[in-house]
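A.B. asks: Below is the file upload_12.txt, with compact mmCIF, C-alpha atoms.
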# COMPACT_ATOMS: atom_id res chain seq x y z
CA MET N 1 99.79 141.86 37.09
CA GLU N 2 97.27 139.19 38.04
CA ALA N 3 94.35 140.22 40.19
CA LYS N 4 94.03 138.40 43.49
CA TYR N 5 90.66 137.56 44.93
CA SER N 6 89.76 136.63 48.46
CA SER N 7 88.49 133.20 49.43
CA GLU N 8 85.06 134.73 50.04
CA ASP N 9 84.94 136.11 46.48
CA ILE N 10 85.84 132.69 45.08
CA ALA N 11 83.29 130.90 47.28
CA ALA N 12 80.58 133.37 46.28
CA ALA N 13 81.40 132.92 42.57
CA MET N 14 81.25 129.12 42.92
CA SER N 15 77.89 129.36 44.67
CA LEU N 16 76.56 131.49 41.80
CA GLN N 17 77.74 128.90 39.27
CA THR N 18 76.07 126.09 41.23
CA TYR N 19 72.92 128.19 41.50
CA ALA N 20 72.91 128.73 37.73
CA TYR N 21 73.41 124.99 37.06
CA VAL N 22 70.49 124.09 39.33
CA TYR N 23 68.16 126.49 37.54
CA THR N 24 69.31 125.20 34.16
CA SER N 25 68.45 121.66 35.27
CA MET N 26 65.07 122.88 36.53
CA ALA N 27 64.32 124.53 33.18
CA THR N 28 65.32 121.32 31.39
CA LEU N 29 63.09 119.24 33.68
CA TRP N 30 60.15 121.59 33.13
CA ALA N 31 60.59 121.57 29.34
CA TYR N 32 60.87 117.76 29.36
CA ASP N 33 57.69 117.42 31.42
CA CYS N 34 55.83 119.74 29.04
CA ALA N 35 57.03 117.76 26.02
CA CYS N 36 56.05 114.41 27.56
CA SER N 37 52.55 115.51 28.55
CA LEU N 38 51.82 117.77 25.56
CA GLN N 39 49.35 115.43 23.83
CA GLU N 40 47.53 114.53 27.05
CA GLU N 41 47.27 118.17 28.10
CA TRP N 42 46.01 119.21 24.69
CA THR N 43 43.30 116.55 24.92
CA PHE N 44 42.40 117.76 28.41
CA LEU N 45 42.18 121.40 27.32
CA LEU N 46 40.00 120.54 24.29
CA GLN N 47 37.63 118.06 25.93
CA SER N 48 37.21 119.34 29.48
CA ARG N 49 34.68 122.01 30.42
CA TRP N 50 35.84 125.56 31.10
CA THR N 51 35.84 125.83 34.88
CA LYS N 52 37.85 127.63 37.54
CA VAL N 53 39.94 124.48 38.01
CA LYS N 54 40.81 124.48 34.30
CA GLY N 55 41.92 128.10 34.59
CA LEU N 56 43.95 127.12 37.65
CA TYR N 57 45.57 124.33 35.62
CA ILE N 58 46.59 126.75 32.85
CA ALA N 59 48.01 129.21 35.39
CA THR N 60 49.96 126.43 37.12
CA ARG N 61 51.44 125.41 33.78
CA CYS N 62 52.32 128.93 32.56
CA VAL N 63 53.63 130.75 35.65
CA PRO N 64 56.73 128.51 36.14
CA PHE N 65 57.79 129.39 32.58
CA LEU N 66 57.93 133.05 33.58
CA LEU N 67 59.70 132.14 36.83
CA LEU N 68 62.40 130.12 35.07
CA ILE N 69 62.88 132.68 32.30
CA GLY N 70 63.40 135.39 34.91
CA HIS N 71 65.95 133.36 36.83
CA LEU N 72 67.83 132.29 33.70
CA CYS N 73 68.09 135.93 32.64
CA THR N 74 69.38 136.84 36.10
CA ASN N 75 71.88 133.98 36.17
CA PHE N 76 73.35 134.17 32.66
CA ILE N 77 73.02 137.75 31.39
CA PRO N 78 76.01 139.85 32.51
CA ASN N 79 74.85 142.53 34.91
CA GLU N 80 76.87 144.78 37.21
CA ASN N 81 73.91 146.80 38.49
CA SER N 82 72.74 145.57 41.92
CA ASP N 83 69.47 147.54 41.61
CA LYS N 84 68.60 145.66 38.42
CA CYS N 85 69.41 142.40 40.22
CA LYS N 86 67.04 143.36 43.02
CA ILE N 87 64.21 144.08 40.58
CA LEU N 88 64.67 140.79 38.70
CA ILE N 89 64.86 138.71 41.88
CA ASN N 90 61.80 140.43 43.35
CA VAL N 91 59.81 139.74 40.18
CA CYS N 92 60.90 136.09 40.29
CA SER N 93 59.85 135.95 43.94
CA ILE N 94 56.35 137.08 42.97
CA PHE N 95 56.14 134.38 40.29
CA SER N 96 57.30 131.80 42.87
CA GLN N 97 54.52 132.74 45.27
CA ILE N 98 51.89 132.65 42.51
CA SER N 99 53.14 129.25 41.33
CA VAL N 100 53.06 127.56 44.72
CA SER N 101 49.67 129.13 45.52
CA CYS N 102 48.20 127.61 42.34
CA SER N 103 49.66 124.18 43.15
CA GLU N 104 48.32 124.27 46.71
CA CYS N 105 44.83 125.29 45.53
CA PHE N 106 44.47 121.95 43.73
CA PHE N 107 45.02 120.04 46.94
CA LEU N 108 42.93 122.34 49.08
CA LEU N 109 40.02 121.52 46.78
CA ARG N 110 40.90 117.81 46.88
CA THR N 111 41.07 117.78 50.66
CA TYR N 112 37.67 119.46 50.84
CA ALA N 113 36.26 116.90 48.37
CA LEU N 114 37.67 114.02 50.44
CA TRP N 115 35.80 115.26 53.49
CA LYS N 116 32.58 115.40 51.41
CA HIS N 117 32.10 119.12 51.94
CA ASN N 118 32.31 118.89 55.73
CA ARG N 119 31.49 122.28 57.30
CA PHE N 120 34.25 122.15 59.90
CA VAL N 121 36.83 121.32 57.25
CA LEU N 122 35.42 124.11 55.06
CA VAL N 123 35.94 126.60 57.91
CA VAL N 124 39.51 125.34 58.42
CA LEU N 125 40.31 125.48 54.70
CA ARG N 126 38.85 128.95 54.39
CA ALA N 127 40.62 130.33 57.44
CA LEU N 128 44.00 128.58 57.20
CA PRO N 129 45.16 129.48 53.66
CA PRO N 130 44.69 133.28 54.00
CA VAL N 131 46.53 133.28 57.32
CA ALA N 132 49.32 131.10 55.93
CA ILE N 133 49.59 133.10 52.70
CA ILE N 134 49.68 136.46 54.49
CA ALA N 135 52.25 135.18 57.00
CA CYS N 136 54.48 133.55 54.36
CA ILE N 137 54.30 136.40 51.88
CA GLY N 138 54.68 139.03 54.60
CA THR N 139 57.81 137.46 56.06
CA ALA N 140 59.19 136.76 52.57
CA ILE N 141 58.67 140.36 51.46
CA ALA N 142 60.26 141.67 54.66
CA SER N 143 63.26 139.42 54.08
CA VAL N 144 63.60 140.34 50.40
CA VAL N 145 63.22 144.09 51.00
CA ASN N 146 65.85 144.12 53.75
CA ALA N 147 68.26 141.88 51.84
CA SER N 148 71.37 143.10 50.10
CA TYR N 149 72.10 142.32 46.44
CA VAL N 150 75.64 142.17 45.10
CA THR N 151 77.29 140.93 41.92
CA SER N 152 80.42 138.83 41.83
CA ALA N 153 83.77 140.56 42.17
CA ILE N 154 85.30 138.06 39.73
CA PRO N 155 84.90 139.12 36.06
CA GLY N 156 82.92 136.75 33.88
CA THR N 157 80.80 135.43 36.76
CA THR N 158 77.15 136.26 36.15
CA GLY N 159 74.30 136.31 38.63
CA CYS N 160 73.55 138.06 41.91
CA CYS N 161 74.19 137.07 45.50
CA THR N 162 71.36 137.83 47.92
CA SER N 163 71.28 137.83 51.69
CA ASP N 164 67.55 137.17 52.08
CA ASP N 165 66.70 134.69 54.85
CA LEU N 166 63.57 132.67 53.99
CA PHE N 167 63.80 130.36 56.99
CA VAL N 168 60.53 131.63 58.52
CA PRO N 169 58.38 131.46 55.31
CA PHE N 170 59.46 127.89 54.60
CA PHE N 171 58.91 126.90 58.23
CA LEU N 172 55.37 128.32 58.07
CA PHE N 173 54.81 126.54 54.76
CA PHE N 174 55.97 123.30 56.38
CA ILE N 175 53.36 123.71 59.14
CA PHE N 176 50.66 124.57 56.58
CA GLN N 177 51.29 121.40 54.59
CA LEU N 178 51.51 119.34 57.78
CA VAL N 179 47.99 120.46 58.72
CA LEU N 180 46.61 119.57 55.29
CA MET N 181 48.33 116.18 55.31
CA SER N 182 46.90 115.51 58.77
CA LEU N 183 43.39 116.21 57.48
CA THR N 184 43.93 113.76 54.63
CA LEU N 185 45.32 111.04 56.91
CA ILE N 186 42.54 111.48 59.49
CA HIS N 187 39.86 111.06 56.85
CA ALA N 188 41.66 108.13 55.23
CA ILE N 189 41.91 106.31 58.58
CA GLN N 190 38.27 107.01 59.44
CA SER N 191 36.83 105.80 56.14
CA TRP N 192 39.30 103.24 54.77
CA ARG N 193 36.86 100.35 55.32
CA MET N 194 33.78 102.12 54.00
CA THR N 195 35.08 103.70 50.78
CA ARG N 196 36.72 101.51 48.16
CA GLY N 197 36.19 103.47 44.96
CA ARG N 198 39.10 103.79 42.55
CA LEU N 199 38.86 107.59 42.35
CA TYR N 200 38.86 107.86 46.13
CA THR N 201 41.95 105.64 46.42
CA ILE N 202 43.82 107.66 43.80
CA LEU N 203 42.79 110.92 45.46
CA VAL N 204 44.08 109.84 48.87
CA LYS N 205 47.36 108.42 47.49
CA ASN N 206 47.99 111.54 45.42
CA ASN N 207 47.32 113.83 48.37
CA ILE N 208 49.61 111.90 50.70
CA PHE N 209 52.42 111.71 48.11
CA TYR N 210 52.13 115.42 47.27
CA TYR N 211 52.17 116.52 50.92
CA THR N 212 55.05 114.15 51.70
CA CYS N 213 57.13 115.69 48.92
CA GLY N 214 56.13 119.17 50.07
CA LEU N 215 57.06 118.46 53.69
CA PHE N 216 60.41 116.94 52.71
CA LEU N 217 61.35 119.82 50.40
CA SER N 218 60.17 122.40 52.94
CA ALA N 219 62.35 120.76 55.59
CA VAL N 220 65.31 120.83 53.18
CA ASN N 221 64.76 124.53 52.50
CA VAL N 222 64.41 125.31 56.20
CA LEU N 223 67.77 123.67 56.91
CA VAL N 224 69.51 125.07 53.82
CA SER N 225 68.23 128.61 54.50
CA ARG N 226 69.54 128.46 58.04
CA TYR N 227 72.91 126.72 57.67
CA PHE N 228 74.22 127.42 54.13
CA ASN N 229 76.11 130.55 53.13
CA TYR N 230 76.46 132.63 49.96
CA GLN N 231 73.97 131.74 47.22
CA TYR N 232 73.76 128.11 48.33
CA HIS N 233 71.03 129.08 50.80
CA ALA N 234 68.63 129.84 47.91
CA THR N 235 69.52 126.90 45.67
CA PHE N 236 66.46 124.73 46.39
CA GLN N 237 63.81 127.37 47.02
CA ASP N 238 62.26 127.40 43.55
CA PHE N 239 63.17 123.74 43.02
CA GLN N 240 60.45 122.92 45.55
CA PHE N 241 57.87 125.04 43.73
CA ILE N 242 58.71 123.52 40.33
CA ILE N 243 58.41 119.96 41.68
CA LEU N 244 55.10 120.75 43.40
CA ALA N 245 53.75 122.32 40.19
CA ILE N 246 54.71 119.22 38.16
CA LEU N 247 53.07 116.93 40.72
CA ALA N 248 49.89 119.02 40.85
CA LEU N 249 49.57 119.08 37.05
CA ARG N 250 50.36 115.40 36.56
CA MET N 251 48.02 114.27 39.33
CA HIS N 252 45.13 116.43 38.13
CA LEU N 253 45.58 115.18 34.57
CA HIS N 254 45.66 111.58 35.78
CA LEU N 255 42.52 112.08 37.89
CA TRP N 256 40.69 113.62 34.93
CA GLN N 257 41.68 110.69 32.70
CA ILE N 258 40.42 108.17 35.27
CA ASP N 259 37.15 110.07 35.53
CA GLN N 260 36.79 110.10 31.74
CA GLN N 261 37.42 106.35 31.57
CA ALA N 262 34.77 105.74 34.23
CA ARG N 263 32.24 107.86 32.32
CA ASN N 264 33.00 106.05 29.06
CA MET N 265 32.52 102.70 30.78
CA ASP N 266 29.18 103.84 32.21
CA ALA N 267 28.11 104.98 28.74
CA LEU N 268 29.04 101.58 27.25
CA VAL N 269 27.09 99.76 29.96
CA CYS N 270 24.03 101.91 29.29
CA ILE N 271 24.26 101.23 25.56
CA SER N 272 24.67 97.47 26.05
CA LEU N 273 21.74 97.31 28.48
CA SER N 274 19.50 99.24 26.10
CA ASP N 275 20.29 96.69 23.38
CA ILE N 276 19.13 93.76 25.50
As structure tokens, what does this structure read like?

C.D. replies:
Amino acid sequence: MEAKYSSEDIAAAMSLQTYAYVYTSMATLWAYDCACSLQEEWTFLLQSRWTKVKGLYIATRCVPFLLLIGHLCTNFIPNENSDKCKILINVCSIFSQISVSCSECFFLLRTYALWKHNRFVLVVLRALPPVAIIACIGTAIASVVNASYVTSAIPGTTGCCTSDDLFVPFFLFFIFQLVLMSLTLIHAIQSWRMTRGRLYTILVKNNIFYYTCGLFLSAVNVLVSRYFNYQYHATFQDFQFIILAILALRMHLHLWQIDQQARNMDALVCISLSDI
């Protein structure tokens, strides 16, 4: 006798399959990005000085690996224990928060550098991130703790369905990035005639592009978290963090290369002038 499943069971199973496909594509994208930038990153790690920013770079590169491994295990390893699902998803949630915090730190430092260590901006950047982090993490933890975790009723369907609602954390994150983008735009408008250096131009363009992507993806997650059902509501949550991590790493590597080129040019000019 064939087992009959409800339309909700079928819809939930399809959402889990879509969820698994999205994370597989994210893992592929992350591996491809690592492979493409391997030589450049190796050069950066060997030639750059050991600073806090270098440690931040390494953390930003490594944490998403742990995040993706955790999600792939959750999505593809058969598991009928909802408690085990809860533990795995909570661990992945912690890695997500660490990853996005590392990515944002790069651009907090860049925004501060753009304002040339302005005291008012320093106060804002010191006060805003802790408030935003506590609010986002607090609401996320409350949502995750109160959520229910269930496995699919259809045999052969792996993964876990969660009922966590991350509308509020992503809305707060949207506001946080909007404030930082506003600071970048205000400074760019105020000083666009006075500052024409190449590094400054790259810094401003990178900041604006990064915050634009962050705002767009946050808006997508706000809408998806509110209006999508089953596991579809969580499909793009970590997608945003992976994209932001890739952008932060690529942009920092590019900025370091530009700075190295400028220093090499200055060294060549000094040598040529000394020969005259």

A.B. asks: Would you work out the distance separating CA of Leu122 in chain N from CA of Ser101 in chain N, expressed in Å to one decimal?

C.D. replies: 17.9 Å

A.B. asks: With distances taken over only C-alpha atoms, which residue among N:Leu66, N:Val91, N:Ile98, N:Leu223 lies nearest Ile133 in chain N?

C.D. replies: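 Checking each of N:Leu66, N:Val91, N:Ile98, N:Leu223 against Ile133 in chain N, counting only C-alpha atoms, the winner is N:Ile98.
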
A.B. asks: If we count all atoms listed in the file and set the cut-off at 12 Å, which residues sit around Ala188 in chain N, ignoring sequence neighbours fewer than 6 positions away in its own chain? Please answer as an mmCIF file with C-alpha atoms, in the frame of the given file.

C.D. replies:
data_model
loop_
_atom_site.group_PDB
_atom_site.id
_atom_site.type_symbol
_atom_site.label_atom_id
_atom_site.label_comp_id
_atom_site.auth_asym_id
_atom_site.auth_seq_id
_atom_site.Cartn_x
_atom_site.Cartn_y
_atom_site.Cartn_z
ATOM 1 C CA THR N 111 41.070 117.780 50.660
ATOM 2 C CA LEU N 114 37.670 114.020 50.440
ATOM 3 C CA TRP N 115 35.800 115.260 53.490
ATOM 4 C CA MET N 181 48.330 116.180 55.310
ATOM 5 C CA SER N 182 46.900 115.510 58.770
ATOM 6 C CA MET N 194 33.780 102.120 54.000
ATOM 7 C CA THR N 195 35.080 103.700 50.780
ATOM 8 C CA ARG N 196 36.720 101.510 48.160
ATOM 9 C CA TYR N 200 38.860 107.860 46.130
ATOM 10 C CA THR N 201 41.950 105.640 46.420
ATOM 11 C CA ILE N 202 43.820 107.660 43.800
ATOM 12 C CA LEU N 203 42.790 110.920 45.460
ATOM 13 C CA VAL N 204 44.080 109.840 48.870
ATOM 14 C CA LYS N 205 47.360 108.420 47.490
ATOM 15 C CA ASN N 207 47.320 113.830 48.370
ATOM 16 C CA ILE N 208 49.610 111.900 50.700
#

A.B. asks: By how many Å are CA of Ile186 in chain N and CA of Leu128 in chain N apart?

C.D. replies: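 CA of Ile186 in chain N sits 17.3 Å away from CA of Leu128 in chain N.
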
A.B. asks: Hey, which of N:Cys34, N:Met14, N:Ile94, N:Ile175 ends up closest to His71 in chain N? Count only C-alpha atoms.

C.D. replies: N:Ile94

A.B. asks: Between N:Cys213, N:Val179, N:Ile154, N:Thr74, which residue has the minimum interatomic distance to Val124 in chain N, considering only C-alpha atoms?

C.D. replies: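 Residue with the minimum atom-to-atom distance to Val124 in chain N: N:Val179.
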
A.B. asks: Between N:Leu108, N:Ile242, N:Leu172, N:Ala248, which residue has the minimum interatomic distance to Leu67 in chain N, considering only C-alpha atoms?

C.D. replies: N:Ile242

A.B. asks: Can you work out which one of N:Gln237, N:Ser99, N:Ser15, N:Ser225 has the shortest atom-to-atom distance to Leu56 in chain N, counting all atoms listed in the file?

C.D. replies: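 Once distances to Leu56 in chain N are computed over all atoms listed in the file, the minimum belongs to N:Ser99.
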
A.B. asks: Can you list, as a compact mmCIF listing (two decimals) with C-alpha atoms, keeping the file's coordinate frame, every protein, DNA or RNA residue that comes within 9 Å of range 36-47 of chain N when you count all atoms listed in the file, leaving out same-chain residues fewer than 5 positions away?

C.D. replies:
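Dumped everything to selection.txt:
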# COMPACT_ATOMS: atom_id res chain seq x y z
CA ALA N 31 60.59 121.57 29.34
CA LYS N 54 40.81 124.48 34.30
CA ILE N 58 46.59 126.75 32.85
CA ARG N 250 50.36 115.40 36.56
CA LEU N 253 45.58 115.18 34.57
CA TRP N 256 40.69 113.62 34.93
CA GLN N 257 41.68 110.69 32.70

A.B. asks: What does the distance from CA of Lys116 in chain N to CA of Arg49 in chain N come to in Å, to one decimal?

C.D. replies: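 Straight-line distance from CA of Lys116 in chain N to CA of Arg49 in chain N works out to 22.1 Å.
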
A.B. asks: Please give the centre and size of the box around range 25-32 of chain N (axis-aligned, containing every atom listed in the file, 5 Å added per side), with values in Å to one decimal and written as lines of an AutoDock Vina configuration file.

C.D. replies:
center_x = 64.3
center_y = 121.1
center_z = 32.9
size_x = 18.3
size_y = 16.8
size_z = 17.2

A.B. asks: Given the choices N:Ala12, N:Val168, N:Cys92, N:Leu180, which gets closest to Leu125 in chain N if the distance is worked out from only C-alpha atoms?

C.D. replies: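 Among N:Ala12, N:Val168, N:Cys92, N:Leu180, it is N:Leu180 that comes nearest to Leu125 in chain N.
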
A.B. asks: Skipping near chain neighbours, those fewer than 5 positions away, what residues fall within 12 Å of Leu199 in chain N using only C-alpha atoms, listed as a PyMOL selection string?

C.D. replies: chain N and resi 110+113-114+204-206+251-252+254-262

A.B. asks: Tell me, as a CSV table (one decimal) with C-alpha atoms, keeping the file's coordinate frame, which residues lie within 12 Å of Phe216 in chain N, counting all atoms listed in the file; anything in the same chain fewer than 6 positions away does not count.

C.D. replies:
chain,number,residue,atom,x,y,z
N,170,PHE,CA,59.5,127.9,54.6
N,171,PHE,CA,58.9,126.9,58.2
N,173,PHE,CA,54.8,126.5,54.8
N,174,PHE,CA,56.0,123.3,56.4
N,175,ILE,CA,53.4,123.7,59.1
N,177,GLN,CA,51.3,121.4,54.6
N,178,LEU,CA,51.5,119.3,57.8
N,209,PHE,CA,52.4,111.7,48.1
N,210,TYR,CA,52.1,115.4,47.3
N,222,VAL,CA,64.4,125.3,56.2
N,223,LEU,CA,67.8,123.7,56.9
N,236,PHE,CA,66.5,124.7,46.4
N,240,GLN,CA,60.4,122.9,45.6
N,243,ILE,CA,58.4,120.0,41.7
N,244,LEU,CA,55.1,120.8,43.4
